[in-house]
$ cat my_file-v3.cif   # mmCIF, C-alpha atoms
data_coords
#
loop_
_atom_site.label_atom_id
_atom_site.label_comp_id
_atom_site.auth_asym_id
_atom_site.auth_seq_id
_atom_site.Cartn_x
_atom_site.Cartn_y
_atom_site.Cartn_z
CA MET C 1 19.06 5.80 -60.92
CA GLN C 2 16.85 2.93 -59.99
CA ILE C 3 17.24 1.38 -56.59
CA ALA C 4 18.02 -2.29 -57.00
CA ALA C 5 15.54 -4.12 -54.86
CA LYS C 6 16.15 -7.49 -53.39
CA ASP C 7 13.94 -10.36 -54.35
CA ASN C 8 10.44 -9.58 -53.11
CA ASN C 9 10.00 -13.12 -51.81
CA VAL C 10 12.33 -12.28 -48.97
CA VAL C 11 9.94 -9.75 -47.50
CA THR C 12 7.09 -11.39 -45.68
CA GLU C 13 3.88 -9.55 -46.16
CA VAL C 14 1.51 -9.39 -43.24
CA SER C 15 -1.52 -10.52 -45.13
CA LEU C 16 -3.68 -12.02 -42.42
CA HIS C 17 -6.92 -10.35 -41.45
CA PRO C 18 -6.81 -8.84 -37.94
CA ASP C 19 -9.47 -11.33 -36.79
CA GLU C 20 -7.27 -14.20 -37.93
CA VAL C 21 -4.39 -12.75 -35.94
CA TYR C 22 -6.69 -12.45 -32.90
CA ASP C 23 -7.56 -16.13 -33.35
CA LEU C 24 -3.88 -17.00 -33.38
CA VAL C 25 -3.39 -14.97 -30.20
CA THR C 26 -6.27 -16.84 -28.55
CA LEU C 27 -4.77 -20.17 -29.56
CA ALA C 28 -1.35 -19.12 -28.28
CA LEU C 29 -2.94 -18.09 -25.00
CA ASP C 30 -4.47 -21.54 -24.75
CA GLY C 31 -0.99 -23.01 -24.97
CA ASP C 32 -0.76 -23.70 -28.69
CA PHE C 33 2.83 -22.76 -29.36
CA SER C 34 2.52 -23.36 -33.10
CA ALA C 35 0.07 -20.46 -33.18
CA PHE C 36 2.66 -18.20 -31.63
CA ASP C 37 5.16 -19.57 -34.13
CA LYS C 38 2.89 -18.35 -36.91
CA ILE C 39 2.60 -14.94 -35.27
CA MET C 40 6.37 -14.79 -35.12
CA SER C 41 6.65 -15.70 -38.79
CA LEU C 42 4.27 -12.89 -39.65
CA TYR C 43 6.12 -10.11 -37.87
CA LYS C 44 9.72 -11.16 -37.35
CA GLU C 45 11.17 -9.57 -40.49
CA ARG C 46 9.39 -6.26 -40.18
CA LEU C 47 10.11 -6.09 -36.49
CA TYR C 48 13.75 -6.95 -36.99
CA SER C 49 14.03 -4.38 -39.78
CA VAL C 50 12.56 -1.64 -37.60
CA ILE C 51 14.77 -2.48 -34.64
CA TYR C 52 17.86 -2.74 -36.83
CA ASN C 53 17.19 0.64 -38.42
CA ILE C 54 16.81 2.16 -34.96
CA THR C 55 19.90 0.54 -33.46
CA PHE C 56 22.07 0.05 -36.61
CA ASN C 57 23.46 -3.06 -35.06
CA HIS C 58 22.55 -6.51 -36.37
CA ASN C 59 23.49 -8.15 -33.16
CA ASP C 60 21.46 -5.84 -30.96
CA ALA C 61 18.59 -6.08 -33.42
CA ALA C 62 18.67 -9.88 -33.26
CA ASP C 63 18.76 -9.89 -29.47
CA LEU C 64 16.06 -7.26 -29.15
CA THR C 65 13.81 -9.04 -31.66
CA GLN C 66 14.13 -12.22 -29.64
CA GLU C 67 13.43 -10.38 -26.40
CA THR C 68 10.44 -8.65 -27.97
CA PHE C 69 8.86 -11.95 -28.97
CA VAL C 70 9.59 -13.55 -25.61
CA LYS C 71 8.11 -10.56 -23.80
CA ALA C 72 5.10 -10.57 -26.11
CA PHE C 73 4.64 -14.27 -25.48
CA ARG C 74 4.73 -13.78 -21.73
CA SER C 75 2.40 -10.79 -21.91
CA LEU C 76 -0.14 -12.14 -24.38
CA SER C 77 -2.83 -12.07 -21.71
CA LYS C 78 -2.31 -8.31 -21.39
CA PHE C 79 -3.17 -7.75 -25.04
CA LYS C 80 -6.67 -6.27 -24.78
CA ARG C 81 -7.41 -6.10 -28.52
CA LYS C 82 -7.98 -2.36 -28.36
CA SER C 83 -5.42 -1.93 -31.10
CA SER C 84 -4.10 -4.22 -33.79
CA PHE C 85 -1.69 -6.91 -32.68
CA PHE C 86 1.12 -5.61 -34.82
CA THR C 87 0.80 -2.13 -33.25
CA TRP C 88 1.01 -3.79 -29.83
CA ILE C 89 4.06 -5.88 -30.65
CA TYR C 90 5.71 -2.98 -32.48
CA ARG C 91 5.29 -0.85 -29.39
CA ILE C 92 7.08 -3.48 -27.33
CA GLY C 93 9.87 -3.71 -29.89
CA VAL C 94 10.29 0.03 -30.38
CA ASN C 95 10.27 0.67 -26.63
CA MET C 96 12.86 -2.02 -26.10
CA ALA C 97 15.05 -0.58 -28.84
CA LEU C 98 14.80 2.97 -27.47
CA THR C 99 15.45 1.80 -23.92
CA HIS C 100 18.43 -0.18 -25.17
CA LEU C 101 19.85 2.91 -26.88
CA LYS C 102 19.36 4.99 -23.75
CA LYS C 103 21.18 2.44 -21.65
CA LYS C 104 23.93 2.22 -24.21
CA LYS C 105 24.38 5.96 -24.26
CA ALA C 106 24.36 6.08 -20.49
CA ARG C 107 27.13 3.54 -20.37
CA LYS C 108 29.05 5.50 -22.98
CA PHE C 109 29.44 2.45 -25.15
CA PHE C 110 27.70 4.23 -27.94
CA SER C 111 29.97 4.93 -30.85
CA PHE C 112 29.37 5.03 -34.56
CA ASP C 113 31.95 2.33 -35.30
CA GLN C 114 30.29 0.02 -32.86
CA LEU C 115 26.92 0.76 -34.36
CA ILE C 116 28.01 -0.05 -37.86
CA ASN C 117 30.27 -2.98 -37.14
CA GLY C 118 28.25 -4.45 -34.37
CA GLU C 119 31.02 -5.91 -32.23
CA SER C 120 29.61 -8.79 -30.38
CA HIS C 121 30.09 -12.00 -28.59
CA HIS C 122 27.33 -13.61 -30.66
CA LYS C 123 29.40 -14.05 -33.77
CA GLU C 124 27.20 -16.77 -35.15
CA ILE C 125 23.99 -14.82 -35.41
CA SER C 126 25.84 -11.62 -36.25
CA ASN C 127 27.38 -13.21 -39.31
CA LEU C 128 24.05 -14.53 -40.39
CA ALA C 129 22.42 -11.15 -39.90
CA THR C 130 24.90 -9.18 -42.00
CA PRO C 131 23.42 -9.02 -45.50
CA GLU C 132 25.44 -10.33 -48.40
CA LYS C 133 26.51 -7.03 -49.77
CA SER C 134 28.47 -8.00 -52.85
CA SER C 135 26.10 -10.44 -54.48
CA VAL C 136 22.75 -8.80 -53.98
CA LYS C 137 23.30 -5.10 -53.79
CA SER C 138 25.40 -2.94 -55.98
CA THR C 139 28.45 -1.26 -54.58
CA LEU C 140 26.80 2.09 -55.15
CA LEU C 141 23.76 1.07 -53.19
CA ASN C 142 25.95 -0.19 -50.38
CA GLU C 143 27.68 3.16 -50.28
CA LEU C 144 24.35 4.96 -50.31
CA HIS C 145 23.07 2.84 -47.45
CA GLU C 146 26.19 3.54 -45.45
CA LYS C 147 25.73 7.26 -46.00
CA LEU C 148 22.06 6.94 -45.12
CA ASN C 149 22.94 5.09 -41.92
CA GLU C 150 25.39 7.83 -41.02
CA ALA C 151 22.75 10.48 -41.63
CA LEU C 152 20.10 8.57 -39.70
CA SER C 153 22.44 8.15 -36.77
CA GLU C 154 22.71 11.95 -36.60
CA LEU C 155 19.00 12.18 -35.82
CA SER C 156 17.64 11.82 -32.32
CA ASP C 157 16.33 8.37 -31.40
CA LYS C 158 12.70 9.49 -31.57
CA HIS C 159 13.10 11.28 -34.92
CA ARG C 160 14.92 8.30 -36.38
CA THR C 161 12.25 5.90 -35.12
CA ILE C 162 9.52 7.92 -36.79
CA VAL C 163 11.39 8.07 -40.09
CA VAL C 164 11.98 4.32 -39.95
CA LEU C 165 8.37 3.52 -39.12
CA PHE C 166 6.92 5.87 -41.73
CA GLU C 167 9.34 5.75 -44.65
CA ILE C 168 10.84 2.29 -44.34
CA ASP C 169 8.08 0.29 -42.72
CA GLY C 170 5.21 2.23 -44.27
CA LEU C 171 3.10 2.76 -41.17
CA SER C 172 0.54 5.56 -41.05
CA HIS C 173 0.85 8.65 -38.87
CA LYS C 174 -1.92 7.32 -36.67
CA GLU C 175 -0.23 3.96 -36.17
CA ILE C 176 3.07 5.63 -35.37
CA ALA C 177 1.32 7.94 -32.90
CA THR C 178 -0.14 4.89 -31.15
CA ILE C 179 3.22 3.14 -31.03
CA MET C 180 5.15 6.19 -29.89
CA LYS C 181 2.39 7.38 -27.54
CA CYS C 182 2.25 10.87 -28.97
CA THR C 183 -0.11 12.88 -31.16
CA GLU C 184 -0.31 12.63 -34.91
CA GLY C 185 0.74 16.27 -35.08
CA THR C 186 3.92 15.45 -33.20
CA VAL C 187 4.58 12.59 -35.61
CA ARG C 188 4.11 14.86 -38.64
CA SER C 189 6.26 17.58 -37.16
CA ARG C 190 9.07 15.21 -36.20
CA LEU C 191 8.93 13.54 -39.58
CA HIS C 192 9.13 16.86 -41.40
CA TYR C 193 12.07 18.02 -39.30
CA ALA C 194 13.88 14.69 -39.64
CA LYS C 195 13.50 14.64 -43.41
CA LEU C 196 14.80 18.19 -43.68
CA GLN C 197 17.82 17.18 -41.65
CA LEU C 198 18.38 14.07 -43.78
CA GLN C 199 18.10 16.13 -46.97
CA SER C 200 20.80 18.46 -45.75
CA LEU C 201 23.04 15.63 -44.55
CA LEU C 202 22.69 13.61 -47.77
CA GLY C 203 22.69 16.61 -50.09
CA ASP C 204 25.29 15.23 -52.50
CA TYR C 205 23.86 11.75 -52.70
CA ILE C 206 20.16 12.30 -53.29
CA LYS C 207 17.88 14.37 -55.49
CA ASN C 208 17.33 17.90 -54.28
CA MET Y 1 20.92 18.39 -64.19
CA ASN Y 2 21.58 14.95 -65.63
CA THR Y 3 23.63 14.01 -62.55
CA ASN Y 4 20.83 15.11 -60.28
CA GLN Y 5 18.31 12.94 -62.15
CA SER Y 6 20.48 9.85 -61.73
CA LYS Y 7 20.36 10.25 -57.96
CA PRO Y 8 17.64 8.57 -55.90
CA SER Y 9 15.15 10.55 -53.90
CA LEU Y 10 15.34 10.44 -50.12
CA GLU Y 11 12.11 8.43 -49.94
CA ALA Y 12 13.35 5.87 -52.48
CA LEU Y 13 16.63 5.50 -50.66
CA LEU Y 14 14.85 4.98 -47.36
CA GLN Y 15 12.45 2.45 -48.86
CA SER Y 16 15.36 0.50 -50.33
CA LYS Y 17 16.42 -0.26 -46.77
CA LYS Y 18 13.29 -2.35 -46.44
CA TYR Y 19 15.07 -5.01 -48.47
CA ASP Y 20 18.23 -4.81 -46.42
CA LEU Y 21 17.44 -8.02 -44.57
CA PRO Y 22 19.52 -10.96 -43.38
CA SER Y 23 19.56 -14.39 -44.97
CA ASP Y 24 17.01 -17.18 -44.38
CA ASP Y 25 19.44 -19.02 -42.11
CA PHE Y 26 19.36 -16.06 -39.78
CA TRP Y 27 15.58 -16.26 -39.44
CA ASN Y 28 15.70 -19.98 -38.69
CA VAL Y 29 18.26 -19.44 -35.94
CA LEU Y 30 16.30 -16.49 -34.59
CA GLN Y 31 13.00 -18.34 -34.51
CA ASP Y 32 14.57 -21.37 -32.83
CA ARG Y 33 16.11 -19.17 -30.16
CA VAL Y 34 12.85 -17.38 -29.51
CA LYS Y 35 11.07 -20.72 -29.22
CA GLY Y 36 13.64 -21.93 -26.72
CA LYS Y 37 13.48 -18.74 -24.66
CA ALA Y 38 9.69 -18.56 -24.77
CA LEU Y 39 9.31 -22.17 -23.69
CA ALA Y 40 11.90 -21.70 -20.96
CA SER Y 41 10.01 -18.64 -19.76
CA LEU Y 42 6.93 -20.82 -19.23
CA SER Y 43 8.67 -22.64 -16.40
CA GLU Y 44 9.82 -19.39 -14.81
CA PRO Y 45 7.45 -17.90 -12.27
CA SER Y 46 5.73 -14.75 -13.42
CA PHE Y 47 6.52 -11.40 -11.80
CA PRO Y 48 3.71 -11.47 -9.19
CA GLN Y 49 4.30 -15.17 -8.50
CA ARG Y 50 7.87 -14.39 -7.49
CA PHE Y 51 6.49 -12.49 -4.52
CA ILE Y 52 3.68 -14.80 -3.51
CA LYS Y 53 5.73 -17.66 -1.99
CA PRO Y 54 8.19 -15.47 -0.07
CA SER Y 55 5.30 -13.37 1.13
CA PHE Y 56 3.94 -16.36 3.09
CA VAL Y 57 7.08 -16.20 5.22
CA PHE Y 58 7.81 -12.51 5.27
CA LEU Y 59 4.34 -11.05 5.68
CA PRO Y 60 3.66 -12.51 9.16
CA VAL Y 61 7.16 -11.48 10.27
CA LEU Y 62 6.62 -8.01 8.90
CA ALA Y 63 3.21 -7.78 10.53
CA LEU Y 64 4.66 -8.82 13.90
CA ALA Y 65 7.48 -6.32 13.57
CA LEU Y 66 5.01 -3.57 12.72
CA PHE Y 67 2.75 -4.52 15.62
CA TYR Y 68 5.61 -4.43 18.14
CA SER Y 69 7.04 -1.21 16.81
CA LEU Y 70 3.63 0.46 16.89
CA SER Y 71 2.89 -0.73 20.40
CA PHE Y 72 6.32 0.45 21.54
CA TYR Y 73 5.85 3.93 20.13
CA SER Y 74 2.31 4.24 21.46
CA ASP Y 75 3.65 3.68 25.04
CA THR Y 76 6.38 6.28 24.83
CA PRO Y 77 5.49 9.98 24.77
CA SER Y 78 5.88 11.78 21.56
CA LEU Y 79 9.28 13.36 21.22
CA SER Y 80 8.20 15.90 18.73
CA SER Y 81 6.47 18.66 20.58
CA PRO Y 82 4.24 21.05 18.74
CA THR Y 83 5.54 24.53 18.22
CA ILE Y 84 2.95 27.18 18.88
CA SER Y 85 3.46 30.80 17.97
CA ILE Y 86 1.66 33.05 20.37
CA ALA Y 87 0.15 36.24 19.07
CA ASP Y 88 1.80 39.59 19.74
CA THR Y 89 4.98 38.07 21.08
CA SER Y 90 8.26 37.05 19.58
CA ILE Y 91 8.44 33.99 21.74
CA THR Y 92 8.15 30.49 20.50
CA ALA Y 93 7.11 28.10 23.17
CA ASN Y 94 7.66 24.42 22.97
CA LEU Y 95 4.72 22.79 24.57
CA GLN Y 96 4.24 19.20 25.41
CA GLU Y 97 0.99 17.64 26.47
CA LYS Y 98 1.09 16.01 29.86
CA GLY Y 99 -2.39 15.85 31.20
CA SER Y 100 -1.86 16.25 34.92
CA SER Y 101 -4.00 18.33 37.20
CA GLN Y 102 -0.92 20.08 38.49
CA ASP Y 103 -0.28 21.40 35.05
CA PHE Y 104 -3.77 22.82 34.91
CA LYS Y 105 -3.05 24.71 38.03
CA ILE Y 106 0.10 26.14 36.57
CA ILE Y 107 -1.76 27.33 33.55
CA GLN Y 108 -4.39 28.90 35.73
CA ASP Y 109 -1.66 30.71 37.63
CA LEU Y 110 -0.29 32.01 34.41
CA GLU Y 111 -3.70 33.14 33.30
CA SER Y 112 -4.19 34.97 36.55
CA LEU Y 113 -1.25 37.18 35.56
CA ASP Y 114 -3.49 38.66 32.86
CA HIS Y 115 -1.81 36.69 30.12
CA ASP Y 116 -3.84 36.26 27.01
CA TYR Y 117 -2.97 32.64 26.68
CA THR Y 118 -5.03 31.02 23.99
CA ASN Y 119 -4.02 27.39 24.23
CA THR Y 120 -6.54 25.63 26.47
CA THR Y 121 -5.09 22.12 26.50
CA SER Y 122 -3.05 20.79 29.37
CA VAL Y 123 0.50 21.76 28.64
CA VAL Y 124 3.84 22.23 30.25
CA PHE Y 125 6.34 24.78 29.19
CA LEU Y 126 9.57 23.10 28.27
CA SER Y 127 11.53 26.15 27.40
CA LEU Y 128 11.09 29.79 26.73
CA ASN Y 129 13.92 31.47 25.04
CA ASP Y 130 13.88 35.02 23.93
CA LYS Y 131 17.01 36.74 22.81
CA SER Y 132 15.46 39.74 21.16
CA SER Y 133 15.46 42.37 23.84
CA TYR Y 134 16.32 40.59 27.04
CA ALA Y 135 19.65 39.19 26.09
CA GLU Y 136 20.28 37.90 29.54
CA THR Y 137 16.86 36.53 30.13
CA ASN Y 138 17.02 32.83 29.76
CA LEU Y 139 13.84 31.35 30.97
CA GLU Y 140 13.96 27.65 31.11
CA LEU Y 141 10.99 25.90 32.57
CA SER Y 142 11.06 22.19 32.22
CA HIS Y 143 10.61 19.14 34.26
CA GLU Y 144 8.60 15.98 34.20
CA ASN Y 145 5.08 16.87 35.48
CA SER Y 146 6.25 19.68 37.71
CA PHE Y 147 6.75 22.95 35.88
CA GLU Y 148 9.89 23.62 37.85
CA ILE Y 149 11.93 26.69 37.15
CA GLN Y 150 15.42 25.50 36.38
CA TYR Y 151 17.10 28.70 35.63
CA LEU Y 152 15.84 32.21 35.70
CA SER Y 153 18.23 35.06 35.47
CA ASN Y 154 17.19 38.67 35.98
CA PHE Y 155 13.63 37.60 36.30
CA ASP Y 156 13.07 39.23 39.67
CA HIS Y 157 14.70 42.47 38.67
CA HIS Y 158 12.83 42.85 35.45
CA GLN Y 159 9.67 41.00 36.16
CA ASP Y 160 7.44 43.85 35.09
CA ASP Y 161 9.40 44.37 31.94
CA LEU Y 162 9.44 40.71 31.27
CA LEU Y 163 5.72 40.40 31.65
CA SER Y 164 5.21 43.30 29.35
CA GLN Y 165 7.49 41.62 26.89
CA TYR Y 166 5.81 38.25 27.18
CA THR Y 167 2.26 39.38 26.67
CA PHE Y 168 0.41 36.22 25.81
#
$ encode --input "my_file-v3.cif" --output "structure tokens"
Amino acid sequence: MQIAAKDNNVVTEVSLHPDEVYDLVTLALDGDFSAFDKIMSLYKERLYSVIYNITFNHNDAADLTQETFVKAFRSLSKFKRKSSFFTWIYRIGVNMALTHLKKKKARKFFSFDQLINGESHHKEISNLATPEKSSVKSTLLNELHEKLNEALSELSDKHRTIVVLFEIDGLSHKEIATIMKCTEGTVRSRLHYAKLQLQSLLGDYIKN
Amino acid sequence: MNTNQSKPSLEALLQSKKYDLPSDDFWNVLQDRVKGKALASLSEPSFPQRFIKPSFVFLPVLALALFYSLSFYSDTPSLSSPTISIADTSITANLQEKGSSQDFKIIQDLESLDHDYTNTTSVVFLSLNDKSSYAETNLELSHENSFEIQYLSNFDHHQDDLLSQYTF
């Protein structure tokens, strides 16, 4: 079976050279908000996608993406250019998502139904965030994604984050290690374990 | 076999989630909100700035409070007296520094009783309690600058024994 992919135009490719991104950061630091707007345009979809696949909640993902950009904007002066900008902003986003999940678990609001349905007071953005399932994706793919979400939610937050960053977002082991502040070996090990667990959880739905 | 081939691989299924994104309207709303929040955050004082203005008021007050509390405690004698274990005895003596010549004399008197007393600073015995062998011996020696014996039971009767017990 071929996975029906959505129109490629939807996915924004981060095609700027790192130096160009640094220039945008410098301009944003000088008060040019349009430069920060461009930075946002570059990373918003990937960042949102990562946060959504960690939290499984469109609403939380929308809020956390906003917070990530606001925090990044306020902390631009702290960006020392030791790593790429996207690694820096991803780290902020991933940390916020993981902290959010921890808080949610601590408050015992964490339930699978809530994760999937995303009950919220921000109906407006929630409705916009929910993908149009019937028109774009096949029913089978929807079902597969639901099963995949269920399986991913069985993983620990850190394992799930690594799977999302590597398999869905396509980051390297090194980049993930920088974002997660761990060694590449840990990333590989967690990824291996997580994929084994996913294989066993999705046994009937995927190739052996 | 055929059924298995029609299934996606785990990697393909995961990568298909990359395209599971909201509509364009969502991004416009999101970007507008971020703009609004980011611009609003410009007017908010930064984290260190939140403490700078109040610190102009509170720091002098805090400094004054610290100064007075320190000067108060430096005038009053320390309440916590050092506990010194003396070799070859089971007695723990609470000693408090006083610094009067009378106290020196008392120590000298004690030393004249062939006590191996190692502490050479000016001290006053506050209390000596030993319940190991002399159950009834309650030696309490405390007073401001005087080394006055408050209560001494059986001391006269068992002075020799007591001295042998309290070998300093």
$ atom_distance --input "my_file-v3.cif" --atom1 "atom CA of Glu167 of chain C" --atom2 "atom CA of Glu11 of chain Y"
6.5 Å
$ atom_distance --input "my_file-v3.cif" --atom1 "atom CA of Asp63 of chain C" --atom2 "atom CA of Leu148 of chain C"
23.2 Å
$ closest_residue --input "my_file-v3.cif" --among "Y:Ile106, Y:Val57, Y:Leu70, Y:Leu42" --to "chain C" --atoms "all atoms listed in the file"
Y:Leu42
$ closest_residue --input "my_file-v3.cif" --among "C:Ile54, C:Ala61, C:Leu47, C:Val70" --to "chain Y" --atoms "all atoms listed in the file"
C:Val70
$ interface_residues --input "my_file-v3.cif" --of "chain Y" --to "chain C" --cutoff "8 Å" --atoms "only C-alpha atoms" --output "PyMOL selection string"
chain Y and resi 4-23+25-26+29-31+33-35+37-38+41-42
$ resolve_selection --input "my_file-v3.cif" --expression "the PyMOL selection byres ((chain C and resi 158) around 12)" --output "VMD selection string"
chain C and resid 54 to 55 94 to 95 97 to 99 101 to 102 152 to 157 159 to 165 176 to 177 179 to 182 186 to 187 189 to 191 193 to 194
$ write_last_selection --input "my_file-v3.cif" --atoms "C-alpha atoms" --output "PDB file, in the coordinates of the input"
ATOM      1  CA  ILE C  54      16.810   2.160 -34.960  1.00  0.00           C
ATOM      2  CA  THR C  55      19.900   0.540 -33.460  1.00  0.00           C
ATOM      3  CA  VAL C  94      10.290   0.030 -30.380  1.00  0.00           C
ATOM      4  CA  ASN C  95      10.270   0.670 -26.630  1.00  0.00           C
ATOM      5  CA  ALA C  97      15.050  -0.580 -28.840  1.00  0.00           C
ATOM      6  CA  LEU C  98      14.800   2.970 -27.470  1.00  0.00           C
ATOM      7  CA  THR C  99      15.450   1.800 -23.920  1.00  0.00           C
ATOM      8  CA  LEU C 101      19.850   2.910 -26.880  1.00  0.00           C
ATOM      9  CA  LYS C 102      19.360   4.990 -23.750  1.00  0.00           C
ATOM     10  CA  LEU C 152      20.100   8.570 -39.700  1.00  0.00           C
ATOM     11  CA  SER C 153      22.440   8.150 -36.770  1.00  0.00           C
ATOM     12  CA  GLU C 154      22.710  11.950 -36.600  1.00  0.00           C
ATOM     13  CA  LEU C 155      19.000  12.180 -35.820  1.00  0.00           C
ATOM     14  CA  SER C 156      17.640  11.820 -32.320  1.00  0.00           C
ATOM     15  CA  ASP C 157      16.330   8.370 -31.400  1.00  0.00           C
ATOM     16  CA  HIS C 159      13.100  11.280 -34.920  1.00  0.00           C
ATOM     17  CA  ARG C 160      14.920   8.300 -36.380  1.00  0.00           C
ATOM     18  CA  THR C 161      12.250   5.900 -35.120  1.00  0.00           C
ATOM     19  CA  ILE C 162       9.520   7.920 -36.790  1.00  0.00           C
ATOM     20  CA  VAL C 163      11.390   8.070 -40.090  1.00  0.00           C
ATOM     21  CA  VAL C 164      11.980   4.320 -39.950  1.00  0.00           C
ATOM     22  CA  LEU C 165       8.370   3.520 -39.120  1.00  0.00           C
ATOM     23  CA  ILE C 176       3.070   5.630 -35.370  1.00  0.00           C
ATOM     24  CA  ALA C 177       1.320   7.940 -32.900  1.00  0.00           C
ATOM     25  CA  ILE C 179       3.220   3.140 -31.030  1.00  0.00           C
ATOM     26  CA  MET C 180       5.150   6.190 -29.890  1.00  0.00           C
ATOM     27  CA  LYS C 181       2.390   7.380 -27.540  1.00  0.00           C
ATOM     28  CA  CYS C 182       2.250  10.870 -28.970  1.00  0.00           C
ATOM     29  CA  THR C 186       3.920  15.450 -33.200  1.00  0.00           C
ATOM     30  CA  VAL C 187       4.580  12.590 -35.610  1.00  0.00           C
ATOM     31  CA  SER C 189       6.260  17.580 -37.160  1.00  0.00           C
ATOM     32  CA  ARG C 190       9.070  15.210 -36.200  1.00  0.00           C
ATOM     33  CA  LEU C 191       8.930  13.540 -39.580  1.00  0.00           C
ATOM     34  CA  TYR C 193      12.070  18.020 -39.300  1.00  0.00           C
ATOM     35  CA  ALA C 194      13.880  14.690 -39.640  1.00  0.00           C
TER      36      ALA C 194
END
$ build_atoms --input "my_file-v3.cif" --residues "segment 137-155 of chain C" --atoms "N, CA and C atoms" --output "PDB file, in the coordinates of the input"
ATOM      1  N   LYS C 137      23.411  -6.550 -53.583  1.00  0.00           N
ATOM      2  CA  LYS C 137      23.300  -5.100 -53.790  1.00  0.00           C
ATOM      3  C   LYS C 137      24.510  -4.568 -54.538  1.00  0.00           C
ATOM      4  N   SER C 138      24.291  -3.555 -55.259  1.00  0.00           N
ATOM      5  CA  SER C 138      25.400  -2.940 -55.980  1.00  0.00           C
ATOM      6  C   SER C 138      26.292  -2.187 -55.001  1.00  0.00           C
ATOM      7  N   THR C 139      27.508  -1.990 -55.432  1.00  0.00           N
ATOM      8  CA  THR C 139      28.450  -1.260 -54.580  1.00  0.00           C
ATOM      9  C   THR C 139      27.932   0.145 -54.293  1.00  0.00           C
ATOM     10  N   LEU C 140      27.326   0.725 -55.319  1.00  0.00           N
ATOM     11  CA  LEU C 140      26.800   2.090 -55.150  1.00  0.00           C
ATOM     12  C   LEU C 140      25.694   2.123 -54.102  1.00  0.00           C
ATOM     13  N   LEU C 141      24.852   1.117 -54.160  1.00  0.00           N
ATOM     14  CA  LEU C 141      23.760   1.070 -53.190  1.00  0.00           C
ATOM     15  C   LEU C 141      24.292   0.853 -51.772  1.00  0.00           C
ATOM     16  N   ASN C 142      25.312   0.004 -51.696  1.00  0.00           N
ATOM     17  CA  ASN C 142      25.950  -0.190 -50.380  1.00  0.00           C
ATOM     18  C   ASN C 142      26.471   1.130 -49.827  1.00  0.00           C
ATOM     19  N   GLU C 143      27.114   1.871 -50.704  1.00  0.00           N
ATOM     20  CA  GLU C 143      27.680   3.160 -50.280  1.00  0.00           C
ATOM     21  C   GLU C 143      26.564   4.109 -49.858  1.00  0.00           C
ATOM     22  N   LEU C 144      25.493   4.094 -50.648  1.00  0.00           N
ATOM     23  CA  LEU C 144      24.350   4.960 -50.310  1.00  0.00           C
ATOM     24  C   LEU C 144      23.745   4.581 -48.959  1.00  0.00           C
ATOM     25  N   HIS C 145      23.637   3.293 -48.728  1.00  0.00           N
ATOM     26  CA  HIS C 145      23.070   2.840 -47.450  1.00  0.00           C
ATOM     27  C   HIS C 145      23.972   3.224 -46.285  1.00  0.00           C
ATOM     28  N   GLU C 146      25.266   3.133 -46.520  1.00  0.00           N
ATOM     29  CA  GLU C 146      26.190   3.540 -45.450  1.00  0.00           C
ATOM     30  C   GLU C 146      26.028   5.021 -45.136  1.00  0.00           C
ATOM     31  N   LYS C 147      25.921   5.820 -46.207  1.00  0.00           N
ATOM     32  CA  LYS C 147      25.730   7.260 -46.000  1.00  0.00           C
ATOM     33  C   LYS C 147      24.390   7.535 -45.313  1.00  0.00           C
ATOM     34  N   LEU C 148      23.384   6.771 -45.733  1.00  0.00           N
ATOM     35  CA  LEU C 148      22.060   6.940 -45.120  1.00  0.00           C
ATOM     36  C   LEU C 148      22.111   6.563 -43.639  1.00  0.00           C
ATOM     37  N   ASN C 149      22.804   5.480 -43.333  1.00  0.00           N
ATOM     38  CA  ASN C 149      22.940   5.090 -41.920  1.00  0.00           C
ATOM     39  C   ASN C 149      23.652   6.175 -41.114  1.00  0.00           C
ATOM     40  N   GLU C 150      24.675   6.737 -41.711  1.00  0.00           N
ATOM     41  CA  GLU C 150      25.390   7.830 -41.020  1.00  0.00           C
ATOM     42  C   GLU C 150      24.450   8.991 -40.749  1.00  0.00           C
ATOM     43  N   ALA C 151      23.676   9.339 -41.785  1.00  0.00           N
ATOM     44  CA  ALA C 151      22.750  10.480 -41.630  1.00  0.00           C
ATOM     45  C   ALA C 151      21.675  10.161 -40.607  1.00  0.00           C
ATOM     46  N   LEU C 152      21.145   8.948 -40.662  1.00  0.00           N
ATOM     47  CA  LEU C 152      20.100   8.570 -39.700  1.00  0.00           C
ATOM     48  C   LEU C 152      20.621   8.577 -38.270  1.00  0.00           C
ATOM     49  N   SER C 153      21.876   8.188 -38.132  1.00  0.00           N
ATOM     50  CA  SER C 153      22.440   8.150 -36.770  1.00  0.00           C
ATOM     51  C   SER C 153      22.635   9.559 -36.195  1.00  0.00           C
ATOM     52  N   GLU C 154      22.602  10.564 -37.077  1.00  0.00           N
ATOM     53  CA  GLU C 154      22.710  11.950 -36.600  1.00  0.00           C
ATOM     54  C   GLU C 154      21.395  12.431 -35.972  1.00  0.00           C
ATOM     55  N   LEU C 155      20.315  11.774 -36.360  1.00  0.00           N
ATOM     56  CA  LEU C 155      19.000  12.180 -35.820  1.00  0.00           C
ATOM     57  C   LEU C 155      18.858  11.688 -34.383  1.00  0.00           C
TER      58      LEU C 155
END
